[in-house]
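Heads up, structure-v6.cif below (mmCIF, C-alpha atoms):
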data_input
#
loop_
_atom_site.label_atom_id
_atom_site.label_comp_id
_atom_site.auth_asym_id
_atom_site.auth_seq_id
_atom_site.Cartn_x
_atom_site.Cartn_y
_atom_site.Cartn_z
CA MET A 1 13.67 4.36 19.25
CA GLN A 2 15.31 2.52 22.12
CA ALA A 3 17.47 -0.50 21.42
CA THR A 4 18.75 -3.25 23.66
CA THR A 5 21.05 -6.13 22.85
CA LEU A 6 19.53 -9.44 23.94
CA TYR A 7 22.33 -11.74 22.81
CA ASN A 8 25.78 -11.06 21.46
CA GLU A 9 28.04 -14.02 20.80
CA ASN A 10 28.81 -15.17 17.27
CA HIS A 11 25.60 -13.54 16.18
CA ARG A 12 23.50 -10.81 17.71
CA TRP A 13 19.91 -10.15 18.68
CA ILE A 14 18.80 -6.51 19.11
CA MET A 15 15.39 -5.44 20.27
CA PHE A 16 13.91 -2.07 19.25
CA GLY A 17 10.90 -0.44 20.81
CA ARG A 18 9.43 2.23 23.03
CA ASP A 19 9.72 4.82 20.25
CA PRO A 20 9.18 8.25 21.89
CA GLY A 21 8.09 9.77 18.54
CA LYS A 22 5.31 7.20 18.04
CA PRO A 23 1.83 8.70 17.40
CA GLU A 24 -0.24 8.48 20.57
CA LYS A 25 -3.09 6.22 19.54
CA ILE A 26 -1.19 3.39 17.91
CA ILE A 27 -0.01 0.35 19.78
CA ASP A 28 3.61 0.17 20.91
CA THR A 29 5.55 -2.58 19.14
CA ASN A 30 8.84 -4.43 19.53
CA GLN A 31 10.99 -5.04 16.48
CA PHE A 32 13.99 -7.37 16.36
CA LEU A 33 17.18 -7.45 14.34
CA ILE A 34 19.30 -10.58 14.16
CA THR A 35 22.69 -10.14 12.57
CA SER A 36 25.07 -12.91 11.59
CA GLY A 37 28.09 -12.50 9.32
CA ASP A 38 27.12 -10.20 6.49
CA GLN A 39 23.41 -11.02 6.67
CA SER A 40 20.62 -9.78 8.91
CA ILE A 41 16.92 -10.32 9.40
CA LEU A 42 14.34 -7.93 10.75
CA LEU A 43 11.51 -9.64 12.61
CA ASP A 44 8.13 -7.90 12.33
CA PRO A 45 9.69 -4.63 11.08
CA GLY A 46 6.62 -2.63 12.01
CA GLY A 47 4.06 -0.14 10.79
CA ILE A 48 4.54 2.52 8.13
CA GLU A 49 4.93 5.28 10.73
CA LEU A 50 7.82 3.39 12.28
CA PHE A 51 9.90 3.06 9.12
CA ALA A 52 12.14 6.12 9.60
CA PRO A 53 13.03 5.50 13.26
CA MET A 54 13.53 1.78 12.54
CA LEU A 55 15.81 2.42 9.56
CA ALA A 56 17.81 4.96 11.57
CA ALA A 57 18.09 2.58 14.52
CA THR A 58 19.04 -0.41 12.35
CA LEU A 59 21.85 1.46 10.59
CA LYS A 60 23.55 1.90 13.93
CA TYR A 61 24.26 -1.84 13.81
CA VAL A 62 24.45 -2.94 10.17
CA PRO A 63 24.95 -1.42 6.71
CA ILE A 64 21.76 -1.43 4.68
CA GLU A 65 22.94 -4.04 2.17
CA ASN A 66 23.30 -6.49 5.05
CA ILE A 67 19.55 -6.48 5.67
CA THR A 68 18.87 -9.46 3.47
CA HIS A 69 15.78 -10.93 5.14
CA LEU A 70 12.54 -9.73 6.62
CA PHE A 71 10.14 -11.83 8.61
CA ALA A 72 6.46 -11.06 9.13
CA SER A 73 4.78 -13.35 11.63
CA HIS A 74 1.42 -12.51 10.05
CA GLN A 75 -0.38 -9.89 7.98
CA ASP A 76 -1.35 -7.14 10.41
CA PRO A 77 -0.43 -3.48 9.72
CA ASP A 78 1.50 -3.06 12.98
CA ILE A 79 3.71 -5.93 11.81
CA ILE A 80 4.42 -5.12 8.19
CA SER A 81 2.66 -2.03 6.77
CA SER A 82 6.14 -0.46 6.36
CA LEU A 83 6.87 -3.02 3.62
CA GLY A 84 6.27 -0.58 0.74
CA LEU A 85 9.00 1.67 2.12
CA TRP A 86 11.50 -1.10 2.89
CA ASP A 87 10.83 -2.33 -0.63
CA GLN A 88 12.48 0.82 -2.02
CA VAL A 89 15.68 0.47 -0.02
CA LEU A 90 16.17 -3.32 0.10
CA PRO A 91 16.20 -4.43 -3.52
CA ASN A 92 17.65 -7.88 -2.80
CA ALA A 93 15.86 -8.93 0.35
CA LYS A 94 13.43 -11.79 0.98
CA LEU A 95 10.26 -11.50 3.01
CA HIS A 96 9.46 -14.69 4.94
CA CYS A 97 5.76 -14.65 5.66
CA PRO A 98 2.99 -17.29 5.86
CA TRP A 99 1.96 -18.43 2.36
CA LEU A 100 -1.61 -17.70 3.36
CA TRP A 101 -1.07 -13.95 3.40
CA GLU A 102 0.85 -13.36 0.18
CA GLY A 103 -2.07 -11.86 -1.75
CA PHE A 104 -2.88 -9.60 1.19
CA VAL A 105 0.60 -8.52 2.27
CA ARG A 106 1.48 -7.48 -1.29
CA HIS A 107 -1.09 -4.69 -0.89
CA PHE A 108 1.43 -2.91 1.34
CA GLY A 109 3.61 -2.47 -1.78
CA MET A 110 6.15 -4.96 -3.00
CA ASN A 111 8.00 -4.54 -6.28
CA ASN A 112 11.54 -5.51 -5.37
CA ILE A 113 11.52 -7.70 -2.29
CA GLU A 114 10.99 -11.40 -2.93
CA TYR A 115 8.08 -13.09 -1.13
CA ALA A 116 9.28 -16.34 0.44
CA PRO A 117 6.09 -18.13 1.51
CA ILE A 118 6.35 -20.19 4.71
CA ARG A 119 4.60 -23.55 4.52
CA ASP A 120 2.02 -24.35 7.19
CA GLN A 121 4.24 -26.91 8.93
CA GLY A 122 7.06 -24.36 9.28
CA GLU A 123 10.66 -24.57 8.12
CA THR A 124 14.22 -23.55 8.87
CA ILE A 125 15.84 -20.55 7.22
CA ARG A 126 19.51 -19.66 7.14
CA VAL A 127 20.58 -16.09 7.85
CA GLY A 128 24.34 -15.58 7.73
CA ASN A 129 25.75 -18.45 9.77
CA ILE A 130 22.68 -19.30 11.79
CA ASP A 131 19.61 -21.44 11.27
CA LEU A 132 16.34 -20.01 12.50
CA GLN A 133 13.34 -22.27 13.00
CA LEU A 134 9.95 -20.93 11.96
CA ILE A 135 7.53 -22.51 14.41
CA PRO A 136 3.80 -22.73 13.53
CA ALA A 137 1.57 -20.66 15.79
CA HIS A 138 -1.56 -20.66 13.63
CA TYR A 139 -4.66 -18.94 15.02
CA LEU A 140 -2.56 -17.30 17.75
CA HIS A 141 -3.84 -14.85 16.76
CA SER A 142 -3.78 -14.94 12.99
CA SER A 143 -4.93 -17.89 10.86
CA GLY A 144 -1.46 -18.09 9.29
CA ASN A 145 1.09 -17.29 11.96
CA PHE A 146 4.67 -18.20 12.92
CA ASN A 147 7.21 -17.71 15.71
CA VAL A 148 10.98 -17.65 15.24
CA TYR A 149 13.21 -19.85 17.40
CA ASP A 150 16.96 -19.50 17.58
CA PRO A 151 18.35 -22.72 19.13
CA VAL A 152 21.81 -21.24 19.70
CA ALA A 153 20.74 -18.05 21.48
CA LYS A 154 17.75 -19.97 22.93
CA ILE A 155 15.44 -17.10 22.12
CA LEU A 156 11.85 -17.55 20.95
CA PHE A 157 10.28 -14.59 19.15
CA SER A 158 6.66 -15.34 19.98
CA GLY A 159 4.87 -12.65 17.96
CA ASP A 160 1.56 -11.80 19.61
CA ILE A 161 1.80 -14.66 22.10
CA GLY A 162 2.87 -13.22 25.43
CA ALA A 163 1.98 -9.75 24.22
CA ALA A 164 0.81 -7.14 26.67
CA LEU A 165 -0.90 -3.82 26.15
CA GLU A 166 0.90 -1.29 28.25
CA PRO A 167 2.24 2.28 28.12
CA PRO A 168 5.29 3.03 25.95
CA GLU A 169 7.43 3.94 28.95
CA ALA A 170 7.13 0.37 30.32
CA PRO A 171 10.44 -1.43 30.93
CA PHE A 172 11.70 -4.00 28.43
CA GLU A 173 11.73 -6.91 30.86
CA ILE A 174 9.19 -8.56 33.18
CA GLU A 175 10.21 -8.38 36.82
CA ASN A 176 7.14 -9.89 38.45
CA PHE A 177 5.11 -12.32 36.34
CA ASN A 178 1.93 -11.92 38.40
CA ASP A 179 1.95 -8.15 37.82
CA GLN A 180 2.03 -8.81 34.09
CA ILE A 181 -1.11 -10.97 33.99
CA ASP A 182 -3.57 -8.06 34.01
CA LYS A 183 -1.83 -6.54 31.02
CA MET A 184 -1.95 -9.79 29.02
CA GLN A 185 -5.21 -11.49 29.92
CA LEU A 186 -7.78 -9.67 27.78
CA PHE A 187 -5.41 -9.56 24.82
CA HIS A 188 -4.98 -13.33 24.80
CA GLN A 189 -8.61 -14.14 25.53
CA ARG A 190 -9.98 -11.84 22.86
CA TRP A 191 -7.37 -11.88 20.11
CA MET A 192 -6.79 -15.63 20.21
CA PRO A 193 -9.74 -17.71 19.06
CA SER A 194 -8.85 -21.36 19.58
CA ASN A 195 -8.09 -23.40 22.71
CA ARG A 196 -7.11 -26.34 20.50
CA ALA A 197 -4.59 -24.22 18.57
CA LYS A 198 -3.27 -22.87 21.86
CA GLN A 199 -2.63 -26.41 23.23
CA ASP A 200 -0.90 -27.41 19.98
CA TRP A 201 1.43 -24.42 20.27
CA ILE A 202 2.18 -25.13 23.95
CA ARG A 203 3.07 -28.75 23.10
CA ARG A 204 5.52 -27.58 20.45
CA VAL A 205 7.08 -24.88 22.57
CA ARG A 206 7.56 -27.02 25.66
CA LYS A 207 9.97 -29.16 23.60
CA LEU A 208 12.22 -26.15 22.93
CA ASP A 209 15.05 -24.99 25.15
CA ILE A 210 14.08 -21.36 25.76
CA GLU A 211 15.97 -18.85 27.85
CA MET A 212 14.11 -15.85 26.58
CA MET A 213 10.66 -15.42 25.04
CA VAL A 214 10.26 -12.09 23.27
CA PRO A 215 6.84 -10.96 22.08
CA GLN A 216 5.92 -8.27 19.55
CA HIS A 217 4.20 -6.12 22.19
CA GLY A 218 5.06 -5.79 25.84
CA ARG A 219 7.99 -7.22 27.76
CA ILE A 220 10.58 -9.97 27.58
CA PHE A 221 10.06 -13.22 29.51
CA ARG A 222 13.35 -14.53 30.84
CA GLY A 223 14.25 -17.76 32.68
CA GLU A 224 11.48 -19.10 34.88
CA ASN A 225 8.99 -16.52 33.59
CA VAL A 226 8.87 -18.48 30.31
CA GLY A 227 7.56 -21.56 32.14
CA LYS A 228 5.19 -19.45 34.22
CA PHE A 229 3.77 -17.99 31.04
CA LEU A 230 3.26 -21.42 29.45
CA ASP A 231 1.46 -22.71 32.56
CA TRP A 232 -0.73 -19.59 32.77
CA PHE A 233 -1.54 -19.68 29.05
CA GLU A 234 -2.31 -23.40 29.14
CA ALA A 235 -4.99 -22.81 31.75
CA LEU A 236 -6.46 -19.73 30.11
CA GLU A 237 -9.73 -20.04 28.18
CA VAL A 238 -9.42 -18.11 24.92
CA GLY A 239 -11.94 -17.16 22.24
CA LEU A 240 -13.79 -15.02 24.73
CA ALA A 241 -16.03 -13.15 22.29
CA VAL A 242 -18.16 -16.21 21.50
CA GLN A 243 -18.70 -17.33 25.08
CA MET B 1 4.55 18.93 -6.15
CA SER B 2 4.78 16.31 -3.43
CA ASP B 3 2.18 18.13 -1.30
CA ASN B 4 -0.16 18.00 -4.22
CA HIS B 5 -0.20 14.27 -4.91
CA ALA B 6 -3.54 13.54 -3.30
CA ASN B 7 -5.18 16.42 -5.22
CA GLN B 8 -3.63 15.30 -8.51
CA THR B 9 -4.74 11.74 -8.06
CA VAL B 10 -8.29 12.76 -7.24
CA ALA B 11 -8.47 15.41 -10.00
CA ALA B 12 -7.27 12.96 -12.65
CA ALA B 13 -9.81 10.37 -11.50
CA GLN B 14 -12.54 13.03 -11.60
CA ILE B 15 -11.51 14.00 -15.14
CA ALA B 16 -11.69 10.34 -16.17
CA SER B 17 -15.22 10.23 -14.79
CA GLU B 18 -16.23 13.52 -16.51
CA LEU B 19 -14.94 12.25 -19.82
CA HIS B 20 -16.66 8.93 -19.37
CA GLN B 21 -19.94 10.85 -19.13
CA ALA B 22 -18.95 13.00 -22.12
CA GLN B 23 -18.34 9.80 -24.04
CA GLN B 24 -21.89 8.60 -23.29
CA VAL B 25 -23.27 11.88 -24.63
CA ALA B 26 -21.03 11.63 -27.70
CA ARG B 27 -22.54 8.20 -28.39
CA GLN B 28 -26.03 9.75 -28.38
CA LEU B 29 -24.65 12.45 -30.65
CA ALA B 30 -23.43 9.81 -33.09
CA ILE B 31 -26.90 8.22 -33.12
CA SER B 32 -28.53 11.61 -33.74
CA SER B 33 -26.18 12.28 -36.63
CA LYS B 34 -27.21 8.95 -38.19
CA ASN B 35 -30.87 9.91 -37.78
CA ALA B 36 -30.13 13.26 -39.40
CA ARG B 37 -28.58 11.47 -42.33
CA ALA B 38 -31.67 9.23 -42.70
CA ILE B 39 -33.95 12.27 -42.82
CA VAL B 40 -31.69 13.93 -45.36
CA LEU B 41 -31.90 10.82 -47.53
CA ARG B 42 -35.68 10.82 -47.30
CA ALA B 43 -35.82 14.51 -48.15
CA GLY B 44 -33.87 13.72 -51.35
CA SER B 45 -32.85 16.59 -53.61
CA GLN B 46 -34.57 19.16 -51.36
CA ALA B 47 -31.90 18.48 -48.68
CA ALA B 48 -28.83 17.92 -50.83
CA GLY B 49 -26.94 20.65 -48.95
CA LEU B 50 -27.65 18.93 -45.66
CA ALA B 51 -26.03 15.64 -46.69
CA VAL B 52 -22.54 17.07 -46.24
CA ILE B 53 -23.56 18.57 -42.88
CA ALA B 54 -24.90 15.20 -41.65
CA ASN B 55 -21.58 13.57 -42.55
CA PHE B 56 -19.74 16.25 -40.56
CA TYR B 57 -21.90 15.53 -37.50
CA ASP B 58 -21.14 11.88 -37.76
CA GLU B 59 -17.44 12.39 -38.22
CA LEU B 60 -17.14 14.81 -35.30
CA ALA B 61 -19.25 12.65 -33.01
CA ASN B 62 -17.08 9.60 -33.74
CA GLU B 63 -13.87 11.54 -33.27
CA THR B 64 -15.22 12.86 -29.98
CA ILE B 65 -15.93 9.32 -28.79
CA THR B 66 -12.38 8.28 -29.71
CA LEU B 67 -10.91 11.35 -28.03
CA ALA B 68 -12.99 10.88 -24.89
CA LYS B 69 -11.80 7.25 -24.67
CA SER B 70 -8.22 8.33 -25.10
CA ILE B 71 -8.61 11.10 -22.47
CA ASN B 72 -10.04 8.56 -20.11
CA ILE B 73 -6.95 6.41 -20.56
CA THR B 74 -4.60 9.39 -20.13
CA ALA B 75 -6.45 10.60 -17.03
CA LEU B 76 -6.25 7.14 -15.47
CA GLU B 77 -2.57 6.98 -16.35
CA ILE B 78 -2.08 10.34 -14.62
CA SER B 79 -3.94 9.10 -11.58
CA THR B 80 -1.83 5.93 -11.37
CA HIS B 81 1.33 7.95 -12.02
CA SER B 82 0.43 10.35 -9.20
CA VAL B 83 0.09 7.43 -6.81
CA VAL B 84 3.57 6.19 -7.77
CA GLU B 85 4.98 9.71 -7.24
CA TRP B 86 3.07 9.98 -4.00
CA ARG B 87 4.58 6.73 -2.71
CA ASN B 88 8.02 7.74 -3.95
CA SER B 89 7.83 11.08 -2.22
CA SER B 90 6.71 9.34 0.96
CA VAL B 91 9.81 7.11 0.78
CA LEU B 92 11.93 10.23 0.25
CA THR B 93 10.40 12.05 3.22
CA ASN B 94 10.95 9.02 5.43
CA LEU B 95 14.53 8.54 4.24
CA LYS B 96 15.34 12.18 5.04
CA LEU B 97 13.78 11.70 8.46
CA ALA B 98 15.81 8.51 8.98
CA TYR B 99 18.99 10.33 7.90
CA ASP B 100 18.43 13.02 10.55
CA GLN B 101 17.61 10.43 13.19
CA ALA B 102 20.61 8.28 12.31
CA GLU B 103 22.99 11.09 13.30
CA SER B 104 25.29 8.85 15.31
CA ALA B 105 24.80 5.71 13.22
CA THR B 106 27.88 4.09 11.71
CA HIS B 107 26.10 3.49 8.44
CA GLN B 108 24.18 6.77 8.19
CA ASN B 109 25.61 7.43 4.71
CA ASP B 110 23.90 4.33 3.31
CA ILE B 111 20.75 6.43 3.30
CA VAL B 112 22.30 9.11 1.05
CA PHE B 113 22.61 6.66 -1.83
CA PHE B 114 18.88 5.93 -1.74
CA ILE B 115 17.96 9.60 -1.34
CA THR B 116 19.97 10.39 -4.51
CA GLU B 117 18.51 7.44 -6.39
CA ILE B 118 14.93 8.23 -5.45
CA ASN B 119 15.43 11.92 -6.24
CA GLU B 120 16.52 10.90 -9.73
CA LYS B 121 13.50 8.64 -10.09
CA GLN B 122 11.32 11.51 -8.90
CA LYS B 123 12.73 13.79 -11.62
CA LEU B 124 11.86 11.24 -14.31
CA LEU B 125 8.39 10.81 -12.86
CA ASP B 126 7.95 14.61 -12.80
CA TYR B 127 8.98 14.84 -16.44
CA ARG B 128 6.57 12.10 -17.51
CA PHE B 129 3.84 13.73 -15.44
CA GLY B 130 4.37 17.00 -17.35
CA GLN B 131 4.11 15.11 -20.66
CA LEU B 132 0.87 13.42 -19.63
CA MET B 133 -0.65 16.68 -18.43
CA SER B 134 0.12 18.47 -21.68
CA GLU B 135 -1.27 15.49 -23.63
CA LEU B 136 -4.44 15.75 -21.56
CA ARG B 137 -4.78 19.52 -22.06
CA ASN B 138 -4.34 19.13 -25.83
CA LYS B 139 -6.95 16.42 -26.08
CA LEU B 140 -9.43 18.39 -23.98
CA GLY B 141 -8.77 21.43 -26.20
CA GLU B 142 -9.43 19.31 -29.28
CA ILE B 143 -12.80 18.15 -27.94
CA GLN B 144 -13.73 21.75 -27.21
CA GLN B 145 -12.95 22.64 -30.82
CA HIS B 146 -15.12 19.77 -32.02
CA MET B 147 -18.00 20.98 -29.93
CA ARG B 148 -17.64 24.50 -31.25
CA ALA B 149 -17.66 23.12 -34.79
CA ILE B 150 -20.78 21.07 -34.05
CA ASP B 151 -22.45 24.20 -32.73
CA VAL B 152 -21.71 26.07 -35.94
CA ILE B 153 -22.90 23.16 -38.05
CA ALA B 154 -26.13 22.96 -36.06
CA VAL B 155 -26.85 26.65 -36.75
CA THR B 156 -26.05 26.19 -40.45
CA SER B 157 -28.21 23.08 -40.67
CA LYS B 158 -31.15 24.99 -39.20
CA LEU B 159 -30.78 27.58 -41.95
CA GLU B 160 -30.51 24.86 -44.59
CA ALA B 161 -33.56 23.07 -43.15
CA VAL B 162 -35.82 25.91 -44.37
CA ARG B 163 -35.44 24.50 -47.89
CA THR B 164 -36.61 21.01 -46.97
CA GLY B 165 -40.31 21.80 -46.68
CA GLU B 166 -42.09 19.10 -44.65
CA PHE B 167 -38.77 17.92 -43.13
CA GLN B 168 -37.88 21.32 -41.71
CA GLY B 169 -39.51 20.70 -38.31
CA HIS B 170 -37.68 17.39 -37.79
CA LEU B 171 -34.35 18.74 -38.87
CA VAL B 172 -34.58 21.86 -36.69
CA GLU B 173 -35.59 19.77 -33.69
CA MET B 174 -32.69 17.45 -34.34
CA ALA B 175 -30.23 20.33 -34.67
CA ASP B 176 -31.50 21.73 -31.37
CA GLY B 177 -30.98 18.33 -29.74
CA ILE B 178 -27.48 18.12 -31.15
CA GLN B 179 -26.67 21.56 -29.74
CA VAL B 180 -27.92 20.50 -26.31
CA MET B 181 -25.70 17.41 -26.41
CA ALA B 182 -22.71 19.40 -27.61
CA ASN B 183 -23.25 21.82 -24.73
CA LYS B 184 -23.35 18.95 -22.26
CA ILE B 185 -20.04 17.66 -23.56
CA LYS B 186 -18.63 21.20 -23.38
CA GLU B 187 -19.69 21.39 -19.74
CA HIS B 188 -17.89 18.14 -18.91
CA VAL B 189 -14.79 19.31 -20.73
CA SER B 190 -14.87 22.77 -19.09
CA HIS B 191 -15.21 21.16 -15.69
CA SER B 192 -12.27 18.91 -16.50
CA ILE B 193 -10.20 21.89 -17.58
CA SER B 194 -11.08 23.72 -14.37
CA LEU B 195 -9.95 20.64 -12.40
CA LEU B 196 -6.71 20.71 -14.35
CA GLY B 197 -6.32 24.39 -13.58
CA ASN B 198 -5.28 23.65 -10.02
CA GLN B 199 -2.67 21.11 -11.05
CA LYS B 200 0.85 21.61 -12.26
#
Now that the file is in, can you turn its structure into structure tokens?
Amino acid sequence: MQATTLYNENHRWIMFGRDPGKPEKIIDTNQFLITSGDQSILLDPGGIELFAPMLAATLKYVPIENITHLFASHQDPDIISSLGLWDQVLPNAKLHCPWLWEGFVRHFGMNNIEYAPIRDQGETIRVGNIDLQLIPAHYLHSSGNFNVYDPVAKILFSGDIGAALEPPEAPFEIENFNDQIDKMQLFHQRWMPSNRAKQDWIRRVRKLDIEMMVPQHGRIFRGENVGKFLDWFEALEVGLAVQ
Amino acid sequence: MSDNHANQTVAAAQIASELHQAQQVARQLAISSKNARAIVLRAGSQAAGLAVIANFYDELANETITLAKSINITALEISTHSVVEWRNSSVLTNLKLAYDQAESATHQNDIVFFITEINEKQKLLDYRFGQLMSELRNKLGEIQQHMRAIDVIAVTSKLEAVRTGEFQGHLVEMADGIQVMANKIKEHVSHSISLLGNQK
């Protein structure tokens, strides 16, 4: 599992991904750890097959008792099917996940971790000394779906928005936005059903001060690539399967 | 044992299903024993010796139903227990993997605590599993004994039926039917025992 530090001031953002031991036919995912004081949160901690490399990678940065929060942007297995295993090693953690998915996500196994349902309109959660905003991104692509925005680091974790399907050896960062379009287009058109939901999300996100947009698959958008993505996405017709 | 979790879970569920079917047969057996008692009553003094036999049928059939129900519960408990052990052992495997992969991690030793804790939990689960399995074997053995007893009673009742004159035909037919049902239950139990044979 490769790790890269995205931000390291009073708190820290670390991105994990490109696991060389990943089984061939499953999609490559990015996981994120935010640490602040003696608390940490894992964003979209990943699938069951990723638990061991993720735990090993995480412990390079924080002791296990400092992992006090988990965040699942939605219910998919590549996001959170490792929950049943985390549940055994994080007895005092909270899982922040859309309220809509509680009855479903619990099927992954959850005896110890507390389910903290996120209301549809979003909310702010405190991890260590930082406040993280949970931004609604419903229907992009799940019917209950959130992003995480850190106003201090100016990083938006955008979940499946901005995701690209590409080989695991791909670099972490986008160099040329136009080269990235081919890798993103079908994913957004097919996995995202609603143009109206898309416009609502773009309106919200344009109000935020974002230096880095980090999706759950694919590469990081930095600086002007964030704006380029928003413009491209705004013009893109989604919900392709019914057209 | 950890490699065997899937087999255990499936075998226990299969045993629950076998015993569910055995229970259905035992219900028919209980009805037949009531019919036998009715005939004995009609036969009056000619079938006085059969009255005791009919009560035995009834008693054994009812006990078999109770036992089959209880086996069903135990088998389902074993199945659920196996799934817990299965999940636990999966956590353990992954933690060991994480420990190896965290070679250079500052907090690698955090994992050891959980490995120890889950190993302890696994031992308790193993112990309980052993208890449940022996409970299951005993109950299956008990049903087998009941069926053997029913077989003996059926043979005896056929001999006794000779003295009942016009009722002999009915009683012999009924005893034959009871033997067939007892054999069916024996088959389900034997199959269950053979499924158990592969488990710890």
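Take the PyMOL selection byres ((chain A and resi 222-226) around 9) and apply it to this file: it picks Glu173, Ile174, Glu175, Asn176, Phe177, Ile210, Glu211, Met212, Met213, Val214, Ile220, Phe221, Gly227, Lys228, Phe229, Leu230 and Asp231 of chain A.
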Go ahead and write the selection's residues with C-alpha atoms as a tab-separated table (two decimals), keeping the file's coordinate frame.
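Written file, result-v6.tsv:
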chain	number	residue	atom	x	y	z
A	173	GLU	CA	11.73	-6.91	30.86
A	174	ILE	CA	9.19	-8.56	33.18
A	175	GLU	CA	10.21	-8.38	36.82
A	176	ASN	CA	7.14	-9.89	38.45
A	177	PHE	CA	5.11	-12.32	36.34
A	210	ILE	CA	14.08	-21.36	25.76
A	211	GLU	CA	15.97	-18.85	27.85
A	212	MET	CA	14.11	-15.85	26.58
A	213	MET	CA	10.66	-15.42	25.04
A	214	VAL	CA	10.26	-12.09	23.27
A	220	ILE	CA	10.58	-9.97	27.58
A	221	PHE	CA	10.06	-13.22	29.51
A	227	GLY	CA	7.56	-21.56	32.14
A	228	LYS	CA	5.19	-19.45	34.22
A	229	PHE	CA	3.77	-17.99	31.04
A	230	LEU	CA	3.26	-21.42	29.45
A	231	ASP	CA	1.46	-22.71	32.56
Quick one: which chain A residues come within 7 Å of chain B, and what is the nearest atom pair for each with the distance in Å to one decimal, counting only C-alpha atoms, rows ordered by chain and ascending number, as a Markdown table?
| residue | atom | partner | partner_atom | distance |
| --- | --- | --- | --- | --- |
| A:Ala52 | CA | B:Ala98 | CA | 4.4 |
| A:Pro53 | CA | B:Ala98 | CA | 5.9 |
| A:Leu55 | CA | B:Ala98 | CA | 6.1 |
| A:Ala56 | CA | B:Ala102 | CA | 4.4 |
| A:Ala57 | CA | B:Ala102 | CA | 6.6 |
| A:Leu59 | CA | B:His107 | CA | 5.2 |
| A:Lys60 | CA | B:Ala105 | CA | 4.1 |
| A:Val62 | CA | B:His107 | CA | 6.9 |
| A:Pro63 | CA | B:His107 | CA | 5.3 |
| A:Ile64 | CA | B:Asp110 | CA | 6.3 |
| A:Leu85 | CA | B:Val91 | CA | 5.7 |
| A:Val89 | CA | B:Phe114 | CA | 6.6 |
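With CA of Tyr127 in chain B on one side and CA of Gln23 in chain B on the other, the separation reads 28.8 Å.
Contact shell of Gln216 in chain A at 10 Å (all atoms listed in the file; same-chain neighbours under 4 positions omitted): Met15, Gly17, Asp28, Thr29, Asn30, Gln31, Phe32, Leu43, Asp44, Pro45, Gly46, Ser73, Asp78, Ile79, Phe157, Ser158, Gly159, Asp160, Ile161, Gly162, Ala163, Ala164 and Ile220 of chain A.
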How many Å separate CA of Gly144 in chain A from CA of Pro91 in chain A? 25.7 Å
CA of Ala12 in chain B to CA of Leu196 in chain B: how many Å, to one decimal? 8.0 Å
What's around Met181 in chain B at 8 Å? Count all atoms listed in the file, leave out sequence neighbours fewer than 2 positions away in its own chain, and write the answer as a VMD selection string. chain B and resid 25 to 26 28 to 29 177 to 179 183 to 185
Any chance you could resolve the PyMOL selection byres ((chain A and resi 202) around 12) against this file and give the residues as a PyMOL selection string? chain A and resi 135-138+140+158+161+195-201+203-208+226-227+229-236
Across A:Ile41, A:Leu165, A:Leu50, A:Leu100, the smallest distance to Leu132 in chain A, with only C-alpha atoms counted, is shown by A:Ile41
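In terms of minimum interatomic distance to Thr156 in chain B, B:Leu171 ranks closest within B:Ile73, B:Leu67, B:Ile15, B:Leu171, counting all atoms listed in the file.
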Would you mind putting back N, CA, C and O atoms on range 5-11 of chain A, then writing it out as an mmCIF file, in the coordinates of the input?
data_model
loop_
_atom_site.group_PDB
_atom_site.id
_atom_site.type_symbol
_atom_site.label_atom_id
_atom_site.label_comp_id
_atom_site.auth_asym_id
_atom_site.auth_seq_id
_atom_site.Cartn_x
_atom_site.Cartn_y
_atom_site.Cartn_z
ATOM 1 N N THR A 5 20.482 -4.893 23.379
ATOM 2 C CA THR A 5 21.050 -6.130 22.850
ATOM 3 C C THR A 5 20.631 -7.291 23.755
ATOM 4 O O THR A 5 20.870 -7.268 24.957
ATOM 5 N N LEU A 6 20.005 -8.299 23.160
ATOM 6 C CA LEU A 6 19.530 -9.440 23.940
ATOM 7 C C LEU A 6 20.571 -10.559 23.971
ATOM 8 O O LEU A 6 20.629 -11.335 24.920
ATOM 9 N N TYR A 7 21.358 -10.635 22.921
ATOM 10 C CA TYR A 7 22.330 -11.740 22.810
ATOM 11 C C TYR A 7 23.442 -11.247 21.902
ATOM 12 O O TYR A 7 23.185 -10.618 20.875
ATOM 13 N N ASN A 8 24.685 -11.525 22.298
ATOM 14 C CA ASN A 8 25.780 -11.060 21.460
ATOM 15 C C ASN A 8 26.983 -12.001 21.588
ATOM 16 O O ASN A 8 27.881 -11.775 22.375
ATOM 17 N N GLU A 9 26.898 -13.093 20.830
ATOM 18 C CA GLU A 9 28.040 -14.020 20.800
ATOM 19 C C GLU A 9 28.560 -14.026 19.367
ATOM 20 O O GLU A 9 29.024 -13.000 18.914
ATOM 21 N N ASN A 10 28.393 -15.177 18.676
ATOM 22 C CA ASN A 10 28.810 -15.170 17.270
ATOM 23 C C ASN A 10 27.792 -14.466 16.379
ATOM 24 O O ASN A 10 28.086 -14.107 15.254
ATOM 25 N N HIS A 11 26.600 -14.368 16.860
ATOM 26 C CA HIS A 11 25.600 -13.540 16.180
ATOM 27 C C HIS A 11 24.893 -12.700 17.237
ATOM 28 O O HIS A 11 25.145 -12.852 18.441
#
